[in-house]
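Structure, as structure tokens:
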2 protein chains.
Amino acid sequence: MDVKLVNPFIDATIHVLSSMAFTTAHVGKPYLKKDNLAKGDVTGIVGLIGETRGTLSISFSEECIIAIVSMMFGEKITVINEEVQDAVGELLNIVSGQARQKLEGMGRLLKGAIPTVISGKNHSITHITSHSIVAIPFETDAGRFTIEICLEE
Amino acid sequence: MDVKLVNPFIDATIHVLSSMAFTTAHVGKPYLKKDNLAKGDVTGIVGLIGETRGTLSISFSEECIIAIVSMMFGEKITVINEEVQDAVGELLNIVSGQARQKLEGMGRLLKGAIPTVISGKNHSITHITSHSIVAIPFETDAGRFTIEICLEE
């Protein structure tokens, strides 16, 4: 996957967390996902389709998403409930929308499907494609999260 | 969601399990998903996009998917590993493809995004949409599974 196609997702993630959750996200080194060892406690997934197929997921540890959503809501959240799941869907929708807008400017038109949020301690995520999957780790004061992107170019 | 749009997914699920995994799946009564209490141990999700947005998921209990994949592979599987996750992705892809083919015959053109498979004991699934989500329970000799569909019409 062309690195130029990854940058819009990184920029959108940093911008959305900053503007919606007053959270600074430091991007780590992107890597190609070779196995399904990436794990999370809450994951948002959205399918992408245009002239190609794709997928975007964002996986948070429990402490990380609880801190982020507490900042978003301006009140202390203590458990992963339906409001937290909806907030993950909302964050994902906006990241996906901003990134797709930039990609459109690069001549790559993609639409987003209905997002799905999965909650469950320490689940693993496998994207079913023969193409490479780019994983991008982020660090915040509240903990780590990872986004994964695949576009079949 | 129009019930006519649901039937192709039911038919495809029964046909794919029968032809690929020699498993008879009895369909239960479809219901509107009002909360996110549906749970599973392995879930496959695929985004759908055409003139509307959609999503399709299929959630299995551990014992159910292990029995189904054992039948598919013709050998006894004992744990949920990468091969089982790939098999869930393959089942989902074929169900999605067959259902979309029937929908196309009804004048509803939809494409499928890259599927994602989530593994983790007793996770919950929330689709982020204001439209109704139809859940369809199935029963097999090996246990139960559920498919969930949403098309924003």
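We name chains A, B, ... following the order of the structure tokens; residues begin at 1 in each chain, and ligands are numbered from 1 as shown.
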Note to self: Taking only C-alpha atoms into account, find every residue of chain B that has an atom no more than 10 Å from chain A, and write it out as a ChimeraX atom specification.
What the structure shows: /B:35-36,39-50,52-57,81-82,85-90,93,111-129,150-152
Write out, as a CSV table (one decimal), in the first residue's frame, the residues just selected, with C-alpha atoms.
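Okay, this is what ended up in part-v3.csv:
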```csv
chain,number,residue,atom,x,y,z
B,35,ASP,CA,-29.6,-3.4,22.1
B,36,ASN,CA,-26.1,-4.8,21.7
B,39,LYS,CA,-22.6,-11.8,21.7
B,40,GLY,CA,-20.3,-14.3,20.1
B,41,ASP,CA,-16.8,-15.8,20.3
B,42,VAL,CA,-15.9,-15.3,16.7
B,43,THR,CA,-17.6,-12.7,14.5
B,44,GLY,CA,-17.1,-11.9,10.8
B,45,ILE,CA,-18.1,-8.4,9.6
B,46,VAL,CA,-18.3,-7.0,6.1
B,47,GLY,CA,-19.3,-3.5,5.0
B,48,LEU,CA,-21.7,-3.1,2.1
B,49,ILE,CA,-22.0,-0.1,-0.2
B,50,GLY,CA,-24.0,0.7,-3.3
B,52,THR,CA,-27.0,2.8,0.2
B,53,ARG,CA,-24.7,1.8,3.1
B,54,GLY,CA,-25.0,-1.5,4.9
B,55,THR,CA,-23.3,-4.1,7.1
B,56,LEU,CA,-23.5,-7.8,7.5
B,57,SER,CA,-22.1,-9.7,10.4
B,81,ASN,CA,-6.7,-20.4,15.3
B,82,GLU,CA,-5.8,-18.4,12.2
B,85,GLN,CA,-10.5,-17.1,11.4
B,86,ASP,CA,-9.8,-17.3,7.6
B,87,ALA,CA,-12.6,-19.9,7.3
B,88,VAL,CA,-15.0,-17.5,8.9
B,89,GLY,CA,-13.9,-14.8,6.5
B,90,GLU,CA,-14.4,-17.2,3.6
B,93,ASN,CA,-17.5,-13.6,1.7
B,111,LYS,CA,-20.4,-4.1,-3.2
B,112,GLY,CA,-18.6,-5.8,-0.3
B,113,ALA,CA,-15.6,-4.2,1.5
B,114,ILE,CA,-12.7,-6.3,2.9
B,115,PRO,CA,-14.1,-8.5,5.7
B,116,THR,CA,-12.7,-8.5,9.2
B,117,VAL,CA,-12.9,-11.3,11.7
B,118,ILE,CA,-12.8,-10.7,15.4
B,119,SER,CA,-12.0,-13.5,18.0
B,120,GLY,CA,-12.5,-13.1,21.7
B,121,LYS,CA,-14.6,-14.9,24.2
B,122,ASN,CA,-18.1,-13.4,24.6
B,123,HIS,CA,-17.6,-10.1,22.8
B,124,SER,CA,-20.6,-7.8,21.9
B,125,ILE,CA,-21.4,-6.3,18.5
B,126,THR,CA,-22.9,-2.8,17.9
B,127,HIS,CA,-23.6,-1.5,14.5
B,128,ILE,CA,-23.5,2.3,14.4
B,129,THR,CA,-26.6,3.3,12.6
B,150,CYS,CA,-28.6,-3.5,8.2
B,151,LEU,CA,-29.2,-1.7,4.9
B,152,GLU,CA,-30.0,1.9,5.2
```
Check: Quick one: residues within 10 Å of range 17-26 of chain A, only C-alpha atoms counted, chain neighbours fewer than 3 positions away excluded, as a PyMOL selection string?
Finding: chain A and resi 10+12-14+67-74+91+94-95+137-145
Next item on the list: Grab the CA of Ile133 in chain A to CA of Ile66 in chain A distance for me, in Å with one decimal place.
Entry: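 Interatomic distance here is 26.7 Å.
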Next item on the list: Have a look at CA of Val84 in chain B and CA of Lys33 in chain A and let me know their distance in Å, one decimal.
Entry: 18.4 Å
Checklist line | Residue set, range 4-111 of chain A restricted to helix (DSSP H, G or I), as an NGL selection string | finding: :A and (4-21 or 62-73 or 82-105)
Next item on the list: Please indicate the distance in Å from CA of Ser96 in chain B to CA of Gln101 in chain A, rounded to one decimal place.
Entry: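 Between CA of Ser96 in chain B and CA of Gln101 in chain A the gap is 27.6 Å.
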Notebook entry, point to check: Could you pull out the strand (DSSP E) residues of range 41-74 of chain A from DSSP and send them as a list in words?
Noted result: Asp41, Val42, Thr43, Gly44, Ile45, Val46, Gly47, Leu48, Ile49, Gly50, Arg53, Gly54, Thr55, Leu56, Ser57, Ile58, Ser59 and Phe60 of chain A
